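Asker: Structure file work04.cif (mmCIF, C-alpha atoms) right here:
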```cif
data_upload
loop_
_atom_site.label_atom_id
_atom_site.label_comp_id
_atom_site.auth_asym_id
_atom_site.auth_seq_id
_atom_site.Cartn_x
_atom_site.Cartn_y
_atom_site.Cartn_z
CA MET A 218 0.00 0.00 0.00
CA ASN A 219 1.43 3.37 -1.09
CA MET A 220 0.69 6.40 1.06
CA GLN A 221 1.51 9.95 -0.01
CA GLN A 222 3.43 11.62 2.78
CA ALA A 223 2.36 15.19 3.44
CA ILE A 224 5.15 17.72 2.97
CA LYS A 225 6.39 19.89 5.78
CA MET A 226 5.02 23.29 4.89
CA THR A 227 7.27 26.34 4.70
CA ALA A 228 6.46 29.58 6.52
CA ALA A 229 5.01 31.05 3.31
CA GLU A 230 2.86 28.00 2.58
CA THR A 231 1.60 28.00 6.15
CA ALA A 232 0.78 31.72 5.90
CA LEU A 233 -1.27 31.18 2.73
CA VAL A 234 -3.23 28.30 4.25
CA ASP A 235 -3.73 30.27 7.46
CA ALA A 236 -4.97 33.26 5.45
CA TYR A 237 -7.61 31.03 3.88
CA THR A 238 -8.59 29.48 7.22
CA ALA A 239 -8.92 32.90 8.85
CA GLN A 240 -11.23 34.16 6.10
CA ILE A 241 -13.13 30.98 5.34
CA GLY A 242 -16.43 32.29 6.68
CA ASP A 243 -16.01 35.65 4.98
CA LEU A 244 -14.78 34.80 1.47
CA PRO A 245 -17.52 35.40 -1.13
CA GLY A 246 -18.96 32.47 -3.06
CA ASP A 247 -21.90 30.10 -3.36
CA GLY A 248 -21.61 26.40 -2.50
CA ALA A 249 -19.85 25.45 -5.76
CA VAL A 250 -17.30 28.26 -5.43
CA LEU A 251 -16.56 27.48 -1.79
CA SER A 252 -16.15 23.79 -2.59
CA LEU A 253 -13.67 24.64 -5.33
CA ARG A 254 -11.77 26.97 -2.99
CA ASP A 255 -11.45 24.11 -0.47
CA MET A 256 -10.07 21.82 -3.17
CA LEU A 257 -7.51 24.38 -4.40
CA VAL A 258 -6.20 25.07 -0.90
CA ASP A 259 -6.05 21.34 -0.11
CA GLU A 260 -3.93 20.88 -3.24
CA LEU A 261 -1.63 23.64 -2.03
CA LYS A 262 -1.31 21.93 1.36
CA THR A 263 -0.58 18.56 -0.27
CA ALA A 264 1.77 19.57 -3.07
CA GLY A 265 3.18 22.81 -1.69
CA LEU A 266 4.53 25.64 -3.81
CA PRO A 267 6.44 24.59 -6.96
CA THR A 268 10.18 23.97 -6.82
CA ARG A 269 12.85 23.81 -9.50
CA ARG A 270 11.91 20.15 -10.00
CA VAL A 271 8.75 21.36 -11.73
CA GLU A 272 9.82 22.08 -15.31
CA SER A 273 7.77 25.25 -15.80
CA TRP A 274 9.15 26.64 -12.52
CA HIS A 275 12.72 25.42 -12.97
CA TYR A 276 14.22 28.92 -12.94
CA THR A 277 11.87 30.28 -10.26
CA ASP A 278 11.89 27.99 -7.25
CA LEU A 279 8.87 29.58 -5.63
CA ARG A 280 9.04 27.41 -2.54
CA THR A 281 12.55 28.70 -1.81
CA LEU A 282 12.20 32.28 -3.04
CA LEU A 283 8.90 33.06 -1.31
CA ARG A 284 10.10 33.15 2.28
CA ALA A 285 7.27 35.11 3.89
CA VAL A 286 3.73 36.23 3.14
CA PRO A 287 2.23 39.25 4.93
CA SER A 288 -1.03 38.71 6.77
CA ALA A 289 -4.27 39.70 5.08
CA ASP A 290 -5.65 42.96 6.47
CA PRO A 291 -9.34 43.55 5.65
CA SER A 292 -9.02 47.18 6.78
CA ALA A 293 -6.23 47.98 4.31
CA PHE A 294 -7.17 50.64 1.79
CA ALA A 295 -5.22 52.20 -1.06
CA ASP A 296 -5.87 55.70 -2.32
CA ARG A 297 -6.86 56.22 -5.92
CA VAL A 298 -4.06 57.67 -8.06
CA ASP A 299 -4.05 59.58 -11.31
CA PRO A 300 -4.17 57.48 -14.51
CA ILE A 301 -0.90 56.83 -16.25
CA VAL A 302 -2.29 58.47 -19.42
CA PRO A 303 -4.19 61.72 -18.73
CA GLY A 304 -7.81 61.54 -19.85
CA SER A 305 -8.10 57.76 -19.45
CA SER A 306 -11.26 56.15 -18.12
CA VAL A 307 -10.34 54.57 -14.79
CA LEU A 308 -11.88 51.42 -13.34
CA SER A 309 -10.15 50.91 -10.02
CA VAL A 310 -9.76 47.99 -7.64
CA ARG A 311 -8.15 49.00 -4.35
CA ASN A 312 -7.11 46.25 -1.97
CA GLY A 313 -9.47 43.97 -3.85
CA GLN A 314 -12.53 46.26 -3.69
CA ALA A 315 -13.96 47.48 -7.00
CA ASP A 316 -14.93 51.10 -7.63
CA LEU A 317 -17.53 51.40 -10.42
CA LYS A 318 -18.54 55.05 -10.05
CA SER A 319 -17.63 55.97 -13.63
CA VAL A 320 -18.07 53.28 -16.29
CA PRO A 321 -17.76 54.53 -19.90
CA GLU A 322 -20.60 53.99 -22.36
CA GLY A 323 -20.15 50.78 -24.31
CA ILE A 324 -18.84 48.90 -21.27
CA ALA A 325 -20.85 46.66 -18.98
CA ALA A 326 -19.01 46.10 -15.70
CA ARG A 327 -19.73 44.62 -12.32
CA SER A 328 -17.73 43.61 -9.30
CA TYR A 329 -16.23 40.14 -9.56
CA THR A 330 -17.40 39.62 -5.99
CA GLU A 331 -20.96 39.40 -7.35
CA SER A 332 -19.87 36.67 -9.77
CA LEU A 333 -18.42 34.71 -6.86
CA ILE A 334 -21.55 35.12 -4.78
CA ASP A 335 -23.96 34.00 -7.52
CA GLY A 336 -21.65 31.14 -8.59
CA SER A 337 -21.19 32.25 -12.21
CA ALA A 338 -17.44 32.56 -11.58
CA VAL A 339 -16.89 28.90 -10.75
CA ALA A 340 -15.95 27.71 -14.26
CA GLY A 341 -13.38 30.49 -14.68
CA LEU A 342 -11.62 29.54 -11.45
CA ALA A 343 -10.31 26.31 -12.97
CA VAL A 344 -6.52 26.00 -12.94
CA LEU A 345 -4.39 25.49 -16.06
CA GLY A 346 -3.03 22.11 -15.01
CA ALA A 347 -1.12 20.67 -12.08
CA ASP A 348 1.65 23.31 -12.24
CA ASP A 349 -0.64 26.35 -12.12
CA ALA A 350 0.38 27.70 -8.71
CA ILE A 351 -0.87 31.20 -9.51
CA GLY A 352 -4.31 29.96 -10.50
CA ARG A 353 -4.45 27.79 -7.37
CA ILE A 354 -3.48 30.61 -4.97
CA ASN A 355 -5.71 33.14 -6.67
CA GLY A 356 -8.69 30.80 -6.93
CA GLY A 357 -8.49 29.93 -3.27
CA LEU A 358 -8.16 33.50 -1.97
CA VAL A 359 -9.72 35.81 -4.58
CA ARG A 360 -12.13 38.34 -3.14
CA GLY A 361 -12.78 40.83 -5.89
CA GLY A 362 -11.93 42.31 -9.23
CA LEU A 363 -13.99 43.29 -12.24
CA GLU A 364 -16.09 41.42 -14.79
CA ILE A 365 -16.18 43.49 -17.98
CA THR A 366 -17.96 43.14 -21.32
CA ILE A 367 -17.09 45.43 -24.24
CA ALA A 368 -20.03 45.86 -26.61
CA GLU A 369 -19.90 44.63 -30.19
CA GLY A 370 -18.53 47.34 -32.49
CA ALA A 371 -17.62 49.67 -29.61
CA GLU A 372 -14.59 51.90 -30.14
CA PHE A 373 -12.83 53.95 -27.47
CA GLN A 374 -10.61 56.92 -28.24
CA ALA A 375 -9.17 57.20 -24.72
CA PRO A 376 -7.43 54.31 -22.94
CA ILE A 377 -9.27 52.34 -20.28
CA GLU A 378 -7.10 51.95 -17.17
CA ILE A 379 -7.82 49.05 -14.86
CA GLN A 380 -6.03 50.34 -11.80
CA VAL A 381 -5.16 47.65 -9.25
CA ALA A 382 -3.66 49.20 -6.12
CA GLN A 383 -2.95 47.97 -2.62
CA SER A 384 -1.36 49.52 0.45
CA HIS A 385 -0.12 46.39 2.25
CA GLY A 386 -1.07 42.86 3.21
CA GLN A 387 -2.65 40.63 0.57
CA ALA A 388 -4.75 41.36 -2.51
CA HIS A 389 -6.16 38.68 -4.83
CA THR A 390 -8.11 39.86 -7.87
CA ARG A 391 -9.67 38.47 -11.04
CA PHE A 392 -10.62 40.13 -14.34
CA PRO A 393 -12.73 38.18 -16.85
CA ILE A 394 -13.05 40.53 -19.84
CA SER A 395 -14.67 39.90 -23.23
CA PHE A 396 -14.40 42.10 -26.32
CA GLY A 397 -17.33 41.97 -28.72
CA ALA A 398 -16.96 41.46 -32.47
CA GLY A 399 -15.36 44.43 -34.21
CA SER A 400 -14.63 46.30 -30.97
CA LYS A 401 -11.52 48.41 -30.60
CA ALA A 402 -9.88 49.54 -27.37
CA THR A 403 -6.67 50.24 -25.49
CA VAL A 404 -6.61 48.79 -21.99
CA ILE A 405 -3.94 49.48 -19.38
CA GLU A 406 -3.82 46.90 -16.60
CA ARG A 407 -1.79 48.74 -13.97
CA HIS A 408 -0.55 47.20 -10.74
CA LEU A 409 0.97 49.45 -8.09
CA SER A 410 1.67 49.75 -4.39
CA THR A 411 0.82 52.95 -2.53
CA ASN A 412 3.28 52.60 0.36
CA ALA A 413 6.50 50.86 1.35
CA GLU A 414 4.97 48.05 3.42
CA ALA A 415 5.24 44.56 1.95
CA SER A 416 2.35 43.22 -0.13
CA PHE A 417 1.55 39.82 -1.59
CA VAL A 418 -0.52 40.13 -4.76
CA SER A 419 -2.05 37.62 -7.16
CA SER A 420 -4.04 38.64 -10.20
CA VAL A 421 -5.58 36.68 -13.08
CA SER A 422 -7.07 38.22 -16.24
CA ASP A 423 -9.18 36.14 -18.65
CA VAL A 424 -9.38 38.01 -21.96
CA THR A 425 -11.50 36.89 -24.92
CA LEU A 426 -11.50 38.63 -28.31
CA ALA A 427 -14.43 37.92 -30.64
CA GLU A 428 -14.19 38.10 -34.45
CA GLY A 429 -12.44 41.19 -35.74
CA ALA A 430 -11.73 42.73 -32.32
CA ASP A 431 -8.62 44.93 -32.25
CA VAL A 432 -7.15 45.41 -28.77
CA ILE A 433 -4.01 46.91 -27.27
CA TRP A 434 -3.56 45.45 -23.78
CA ILE A 435 -0.77 46.92 -21.66
CA ILE A 436 0.33 45.47 -18.34
CA VAL A 437 2.30 47.96 -16.22
CA GLN A 438 3.62 46.38 -13.03
CA GLN A 439 4.97 48.94 -10.55
CA GLN A 440 4.90 47.12 -7.22
CA GLY A 441 7.03 48.21 -4.28
CA PRO A 442 10.59 46.99 -3.66
CA ALA A 443 9.44 44.49 -1.00
CA ASP A 444 6.37 43.17 -2.83
CA THR A 445 5.59 39.79 -4.37
CA HIS A 446 3.51 39.89 -7.55
CA LEU A 447 2.07 36.75 -9.14
CA GLY A 448 0.26 37.72 -12.33
CA GLN A 449 -1.40 35.72 -15.06
CA ILE A 450 -3.24 36.64 -18.24
CA ARG A 451 -5.12 34.06 -20.29
CA PHE A 452 -6.28 35.15 -23.73
CA ASP A 453 -8.19 33.63 -26.63
CA LEU A 454 -8.22 35.18 -30.11
CA GLY A 455 -11.17 34.65 -32.43
CA LYS A 456 -11.28 34.93 -36.22
CA ASN A 457 -9.29 37.93 -37.51
CA ALA A 458 -8.84 39.23 -33.97
CA LYS A 459 -5.74 41.29 -33.23
CA LEU A 460 -4.10 41.60 -29.83
CA HIS A 461 -1.10 43.80 -29.16
CA LEU A 462 0.03 42.69 -25.71
CA PHE A 463 2.60 44.91 -24.03
CA VAL A 464 4.20 44.13 -20.66
CA ILE A 465 6.39 46.41 -18.53
CA ASN A 466 7.79 45.07 -15.27
CA ALA A 467 9.26 48.00 -13.33
CA GLY A 468 8.97 46.95 -9.70
CA GLY A 469 8.54 44.14 -7.23
CA LYS A 470 10.94 41.98 -5.25
CA LEU A 471 9.63 38.64 -6.55
CA VAL A 472 7.62 38.70 -9.77
CA ARG A 473 6.15 35.94 -11.90
CA GLN A 474 4.11 37.17 -14.88
CA GLU A 475 2.51 34.41 -16.93
CA LEU A 476 1.02 34.95 -20.40
CA HIS A 477 -0.99 32.03 -21.78
CA GLY A 478 -2.78 32.37 -25.11
CA ARG A 479 -4.56 30.56 -27.90
CA ALA A 480 -5.13 31.63 -31.50
CA SER A 481 -8.49 29.94 -32.05
CA GLY A 482 -9.73 31.68 -35.20
CA GLU A 483 -8.19 31.93 -38.68
CA GLY A 484 -6.51 35.28 -39.27
CA ALA A 485 -5.84 35.80 -35.55
CA ASP A 486 -2.73 37.87 -34.86
CA LEU A 487 -0.74 38.37 -31.65
CA THR A 488 2.01 40.92 -31.12
CA LEU A 489 3.78 40.60 -27.77
CA ARG A 490 6.30 43.15 -26.57
CA GLY A 491 7.88 43.06 -23.13
CA ILE A 492 10.27 45.24 -21.14
CA ASN A 493 11.70 43.96 -17.87
CA LEU A 494 13.64 46.43 -15.73
CA LEU A 495 15.45 44.67 -12.89
CA GLY A 496 17.65 46.03 -10.12
CA GLY A 497 18.75 45.32 -6.57
CA GLU A 498 18.21 41.66 -5.65
CA SER A 499 14.87 41.30 -7.41
CA HIS A 500 13.75 38.24 -9.34
CA THR A 501 11.41 38.62 -12.33
CA ASP A 502 10.10 35.69 -14.38
CA VAL A 503 8.05 36.12 -17.56
CA THR A 504 6.61 32.82 -18.77
CA PHE A 505 4.74 32.77 -22.08
CA THR A 506 2.86 30.04 -23.95
CA LEU A 507 0.89 30.36 -27.18
CA THR A 508 -1.01 27.70 -29.11
CA HIS A 509 -1.63 28.24 -32.82
CA ALA A 510 -4.69 26.00 -33.09
CA VAL A 511 -5.94 26.75 -36.63
CA PRO A 512 -4.43 27.66 -40.03
CA HIS A 513 -3.39 31.15 -41.13
CA THR A 514 -2.50 32.69 -37.76
CA THR A 515 0.47 34.91 -36.92
CA SER A 516 2.43 35.93 -33.87
CA SER A 517 5.50 38.02 -33.07
CA GLU A 518 7.16 38.24 -29.65
CA ILE A 519 10.07 40.45 -28.58
CA ILE A 520 11.21 40.66 -24.96
CA ARG A 521 13.85 43.18 -23.82
CA ASN A 522 15.52 42.81 -20.41
CA VAL A 523 17.72 45.33 -18.58
CA ILE A 524 19.38 43.89 -15.48
CA PHE A 525 21.46 45.74 -12.88
CA ASP A 526 23.09 44.82 -9.56
CA ARG A 527 22.36 41.27 -8.29
CA ALA A 528 18.98 40.96 -9.98
CA ARG A 529 17.88 37.87 -11.83
CA GLY A 530 15.64 37.65 -14.88
CA VAL A 531 13.88 34.70 -16.46
CA PHE A 532 12.11 34.35 -19.80
CA GLN A 533 10.41 31.12 -20.80
CA GLY A 534 8.58 31.23 -24.11
CA LYS A 535 6.87 28.33 -25.84
CA ILE A 536 4.99 28.39 -29.13
CA LEU A 537 2.97 25.30 -30.01
CA VAL A 538 1.75 24.84 -33.57
CA ALA A 539 -1.06 22.27 -33.81
CA LYS A 540 -1.23 19.64 -36.56
CA ASP A 541 -3.96 21.51 -38.45
CA ALA A 542 -2.39 24.95 -38.05
CA GLN A 543 -0.83 25.18 -41.52
CA LYS A 544 0.52 28.54 -42.77
CA THR A 545 1.39 29.63 -39.23
CA ASP A 546 3.92 32.48 -39.06
CA ALA A 547 5.50 32.81 -35.61
CA LYS A 548 8.66 34.57 -34.46
CA MET A 549 10.06 35.00 -30.93
CA ALA A 550 13.16 36.84 -29.63
CA CYS A 551 14.57 37.60 -26.20
CA ASN A 552 17.29 40.27 -25.92
CA THR A 553 19.07 41.13 -22.67
CA LEU A 554 21.46 43.79 -21.41
CA LEU A 555 23.44 42.47 -18.43
CA LEU A 556 24.90 45.53 -16.71
CA SER A 557 26.57 43.89 -13.73
CA ASP A 558 28.92 40.97 -13.25
CA GLU A 559 26.55 39.66 -10.57
CA ALA A 560 23.37 39.97 -12.65
CA ASP A 561 21.83 36.83 -14.11
CA MET A 562 19.49 35.97 -16.98
CA SER A 563 17.95 32.61 -17.94
CA ALA A 564 16.24 32.43 -21.34
CA LYS A 565 14.42 29.39 -22.67
CA PRO A 566 12.62 29.95 -26.01
CA GLU A 567 10.88 26.86 -27.42
CA LEU A 568 9.00 25.76 -30.54
CA GLU A 569 6.79 22.68 -30.68
CA ILE A 570 5.57 22.20 -34.25
CA PHE A 571 3.23 19.51 -35.53
CA ALA A 572 2.33 21.15 -38.88
CA ASP A 573 4.63 21.04 -41.91
CA ASP A 574 3.85 24.27 -43.80
CA VAL A 575 4.91 26.97 -41.35
CA GLN A 576 7.42 29.77 -40.84
CA CYS A 577 8.64 29.73 -37.24
CA GLY A 578 11.79 30.87 -35.50
CA HIS A 579 13.20 31.93 -32.17
CA GLY A 580 16.39 33.32 -30.68
CA ALA A 581 17.99 34.87 -27.63
CA THR A 582 20.91 37.25 -27.05
CA VAL A 583 22.76 38.47 -23.94
CA ALA A 584 25.22 41.37 -24.03
CA ASP A 585 26.63 44.41 -22.26
CA ILE A 586 26.35 47.96 -23.58
CA ASP A 587 28.16 48.45 -26.88
CA HIS A 588 31.44 50.03 -25.76
CA THR A 589 32.06 51.55 -29.19
CA GLN A 590 28.82 53.51 -28.87
CA LEU A 591 29.68 54.43 -25.29
CA PHE A 592 33.13 55.71 -26.35
CA TYR A 593 31.54 57.74 -29.14
CA MET A 594 29.26 59.51 -26.63
CA LEU A 595 32.04 60.05 -24.08
CA ALA A 596 34.22 61.57 -26.79
CA ARG A 597 31.52 64.18 -27.33
CA GLY A 598 31.51 65.28 -23.72
CA ILE A 599 28.53 63.32 -22.42
CA PRO A 600 29.11 62.13 -18.81
CA GLU A 601 29.46 58.35 -18.56
CA LYS A 602 26.44 57.80 -16.30
CA LYS A 603 24.20 59.82 -18.61
CA ALA A 604 25.64 58.13 -21.71
CA ARG A 605 24.97 54.67 -20.30
CA ALA A 606 21.42 55.66 -19.35
CA MET A 607 20.79 57.00 -22.86
CA LEU A 608 21.98 53.76 -24.45
CA VAL A 609 19.86 51.64 -22.12
CA ASN A 610 16.85 53.83 -22.79
CA ALA A 611 17.36 53.49 -26.55
CA PHE A 612 17.48 49.69 -26.17
CA VAL A 613 13.95 49.60 -24.72
CA ALA A 614 12.47 52.73 -26.33
CA GLU A 615 12.50 51.00 -29.71
CA ILE A 616 9.77 48.70 -28.38
CA VAL A 617 7.60 51.50 -26.98
CA GLU A 618 7.80 53.46 -30.23
CA GLU A 619 5.79 50.74 -31.96
CA LEU A 620 2.77 52.43 -30.32
CA GLU A 621 3.49 55.61 -32.27
CA ASP A 622 -0.16 56.09 -33.25
CA ASP A 623 -0.87 57.21 -29.67
CA GLU A 624 1.64 59.88 -28.66
CA ALA A 625 0.20 60.30 -25.16
CA LEU A 626 0.53 56.57 -24.50
CA VAL A 627 4.12 56.47 -25.78
CA GLU A 628 5.02 59.46 -23.62
CA ALA A 629 3.46 57.89 -20.53
CA LEU A 630 5.26 54.56 -20.96
CA GLU A 631 8.56 56.28 -21.70
CA GLY A 632 8.01 58.20 -18.46
CA VAL A 633 7.66 54.94 -16.52
CA ILE A 634 10.89 53.64 -18.02
CA SER A 635 12.82 56.88 -17.51
CA ALA A 636 11.72 57.18 -13.88
CA TRP A 637 12.94 53.64 -13.18
CA LEU A 638 16.26 54.21 -14.94
CA GLU A 639 16.90 57.42 -12.98
CA LYS A 640 16.76 55.38 -9.77
CA HIS A 641 18.83 52.44 -10.93
CA ALA A 642 21.06 53.35 -13.88
#
```
Could you take the file, read its structure, and then write that structure out as structure tokens?
Answerer:
Amino acid sequence: MNMQQAIKMTAAETALVDAYTAQIGDLPGDGAVLSLRDMLVDELKTAGLPTRRVESWHYTDLRTLLRAVPSADPSAFADRVDPIVPGSSVLSVRNGQADLKSVPEGIAARSYTESLIDGSAVAGLAVLGADDAIGRINGGLVRGGLEITIAEGAEFQAPIEIQVAQSHGQAHTRFPISFGAGSKATVIERHLSTNAEASFVSSVSDVTLAEGADVIWIIVQQQGPADTHLGQIRFDLGKNAKLHLFVINAGGKLVRQELHGRASGEGADLTLRGINLLGGESHTDVTFTLTHAVPHTTSSEIIRNVIFDRARGVFQGKILVAKDAQKTDAKMACNTLLLSDEADMSAKPELEIFADDVQCGHGATVADIDHTQLFYMLARGIPEKKARAMLVNAFVAEIVEELEDDEALVEALEGVISAWLEKHA
């Protein structure tokens, strides 16, 4: 007879289970939701957080890296802040509580708490397999968020900012969002901390694009220097849908940002651009998977990493081309500037191809600043620190400039990058 021996839980694992136990009578949900929560937390107790022995977590040993989790504080409250792009429509969630005072026309929105209470959220709480630690933690502890539906044919001139802020403690949010056929919008999913106290944050976004939808989705992660951020976005692209997914990581002590997508309709197109700014002793992991499920779909992914001090970066990218997905065109690149002898970068781009009429490729580079360019700038009287900052900024600005159709958006994102570089470069 084989018996599975329960693991000895770490301090962080114990804190997560205790957080659930302390809130068990207060967490929103009908019978089905509460039953699923129990199952997810039991799985966490049995299996624990993933270690490097789990392939998808090989470079981010969460069980070792996550040493402590702050206690949940129901009284915690974060102040609303100005949108990153002036004039944006703001839908805010502060310490898990949604604020729906100003919802633009063409958008139907309600608090995700209501979806938990009436049980309609239960199907979306399913995890993405045995290794989905973020889905398991979030599903067990989620309290709020936003459920959003964009009307068919709706177009928005100003960006829509989903502002997710917390002051301290824990915050677990969820964002199921569907874009109707032919809709067009720019959405900024912004995560930030409003003080220096440590926070533990998990957030999952489920994004669905119907036929012909054209969406720019920007994730701006600006957590505090002591914060842990576990983020996940799941997206599905319908026929002729276009998603420009842009990720900026400019904060956090321990960050895991997962991007999991599926091109389900012919003509679907994904453009992924990522900028990871790492300093101090931070650890940032971007893990990306995309399935090309049908013929005539395209994708392009470029990730740029800038790493200072003793920071560590990780990029795992996997493109899967299904047997029927002929005429797929997919390209993926990861480029890194290592600006310290003690900095570290692990890159693992992968292709898994079952079709035979495709154009697919991937690559990765790691380098220091080009010293010929640096010498050129020094020879013209530019101080070395400023010259290095200019070269680093040029390395990442090339990505931002792809959004040239919206000057205000480009300026705002360049401001985020410049502010980070001023502190660390």
Asker: Write out as a Markdown table a residue-level contact list of range 408-453 of chain A versus range 359-383 of chain A with cut-off 7 Å: for each qualifying residue the closest pair of atoms and the distance in Å to one decimal, counting only C-alpha atoms, rows sorted by chain and residue number upward.
Answerer:
```
| residue | atom | partner | partner_atom | distance |
| --- | --- | --- | --- | --- |
| A:His408 | CA | A:Val381 | CA | 4.9 |
| A:Leu409 | CA | A:Ala382 | CA | 5.0 |
| A:Ser410 | CA | A:Gln383 | CA | 5.3 |
| A:Thr411 | CA | A:Gln383 | CA | 6.2 |
```
Asker: Return the single residue from A:Ala443, A:Leu454, A:Ala229, A:Leu626 that is closest to Leu426 in chain A, with distances computed using only C-alpha atoms.
Answerer: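 Result for the nearest residue to Leu426 in chain A: A:Leu454.
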Asker: Write out as a PyMOL selection string which residues come within 12 Å of Tyr237 in chain A when counting all atoms listed in the file, dropping same-chain ones fewer than 4 positions away.
Answerer: chain A and resi 230-233+241-245+251+254-259+261-262+288-289+354-360+387+389
Asker: How would the residues just chosen look if you wrote them out with C-alpha atoms as a PDB file, keeping the file's coordinate frame?
Answerer:
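Saved as out.pdb:
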```pdb
ATOM      1  CA  GLU A 230       2.860  28.000   2.580  1.00  0.00           C
ATOM      2  CA  THR A 231       1.600  28.000   6.150  1.00  0.00           C
ATOM      3  CA  ALA A 232       0.780  31.720   5.900  1.00  0.00           C
ATOM      4  CA  LEU A 233      -1.270  31.180   2.730  1.00  0.00           C
ATOM      5  CA  ILE A 241     -13.130  30.980   5.340  1.00  0.00           C
ATOM      6  CA  GLY A 242     -16.430  32.290   6.680  1.00  0.00           C
ATOM      7  CA  ASP A 243     -16.010  35.650   4.980  1.00  0.00           C
ATOM      8  CA  LEU A 244     -14.780  34.800   1.470  1.00  0.00           C
ATOM      9  CA  PRO A 245     -17.520  35.400  -1.130  1.00  0.00           C
ATOM     10  CA  LEU A 251     -16.560  27.480  -1.790  1.00  0.00           C
ATOM     11  CA  ARG A 254     -11.770  26.970  -2.990  1.00  0.00           C
ATOM     12  CA  ASP A 255     -11.450  24.110  -0.470  1.00  0.00           C
ATOM     13  CA  MET A 256     -10.070  21.820  -3.170  1.00  0.00           C
ATOM     14  CA  LEU A 257      -7.510  24.380  -4.400  1.00  0.00           C
ATOM     15  CA  VAL A 258      -6.200  25.070  -0.900  1.00  0.00           C
ATOM     16  CA  ASP A 259      -6.050  21.340  -0.110  1.00  0.00           C
ATOM     17  CA  LEU A 261      -1.630  23.640  -2.030  1.00  0.00           C
ATOM     18  CA  LYS A 262      -1.310  21.930   1.360  1.00  0.00           C
ATOM     19  CA  SER A 288      -1.030  38.710   6.770  1.00  0.00           C
ATOM     20  CA  ALA A 289      -4.270  39.700   5.080  1.00  0.00           C
ATOM     21  CA  ILE A 354      -3.480  30.610  -4.970  1.00  0.00           C
ATOM     22  CA  ASN A 355      -5.710  33.140  -6.670  1.00  0.00           C
ATOM     23  CA  GLY A 356      -8.690  30.800  -6.930  1.00  0.00           C
ATOM     24  CA  GLY A 357      -8.490  29.930  -3.270  1.00  0.00           C
ATOM     25  CA  LEU A 358      -8.160  33.500  -1.970  1.00  0.00           C
ATOM     26  CA  VAL A 359      -9.720  35.810  -4.580  1.00  0.00           C
ATOM     27  CA  ARG A 360     -12.130  38.340  -3.140  1.00  0.00           C
ATOM     28  CA  GLN A 387      -2.650  40.630   0.570  1.00  0.00           C
ATOM     29  CA  HIS A 389      -6.160  38.680  -4.830  1.00  0.00           C
TER      30      HIS A 389
END
```
Asker: Evaluate the PyMOL selection byres ((chain A and resi 506) around 8) and record the selected residues as a list of chain:residue names, following the chain and residue labels used in the document.
Answerer: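 Those residues are A:Leu476, A:His477, A:Gly478, A:Thr504, A:Phe505, A:Leu507, A:Thr508, A:Gly534, A:Lys535, A:Ile536, A:Leu537.
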Asker: What's the 7 Å shell around Phe294 in chain A, counting all atoms listed in the file, without same-chain residues fewer than 2 positions away, as number ranges by chain?
Answerer: A: 292, 296, 311-312, 383-384
Asker: Might you spell out which residues the PyMOL selection byres ((chain A and resi 611) around 12) would select in the displayed file, as a list of chain:residue names?
Answerer: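 Answer for the PyMOL selection byres ((chain A and resi 611) around 12): A:Arg521, A:Val523, A:Leu554, A:Ile586, A:Asp587, A:Gln590, A:Ala604, A:Arg605, A:Ala606, A:Met607, A:Leu608, A:Val609, A:Asn610, A:Phe612, A:Val613, A:Ala614, A:Glu615, A:Ile616, A:Val617, A:Glu618, A:Glu631, A:Ile634, A:Ser635, A:Leu638.
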Asker: Which of these, A:Ile520, A:Val583, A:Ile465, A:Val320, has the shortest distance to Arg407 in chain A once you count all atoms listed in the file?
Answerer: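 So, comparing all the options, the nearest one is A:Ile465.
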Asker: Which residues would end up in the selection if the PyMOL selection byres ((chain A and resi 318) around 10) were applied here, given that I need the answer as JSON, numbers by chain?
Answerer: {"A": [307, 308, 309, 315, 316, 317, 319, 320, 321]}
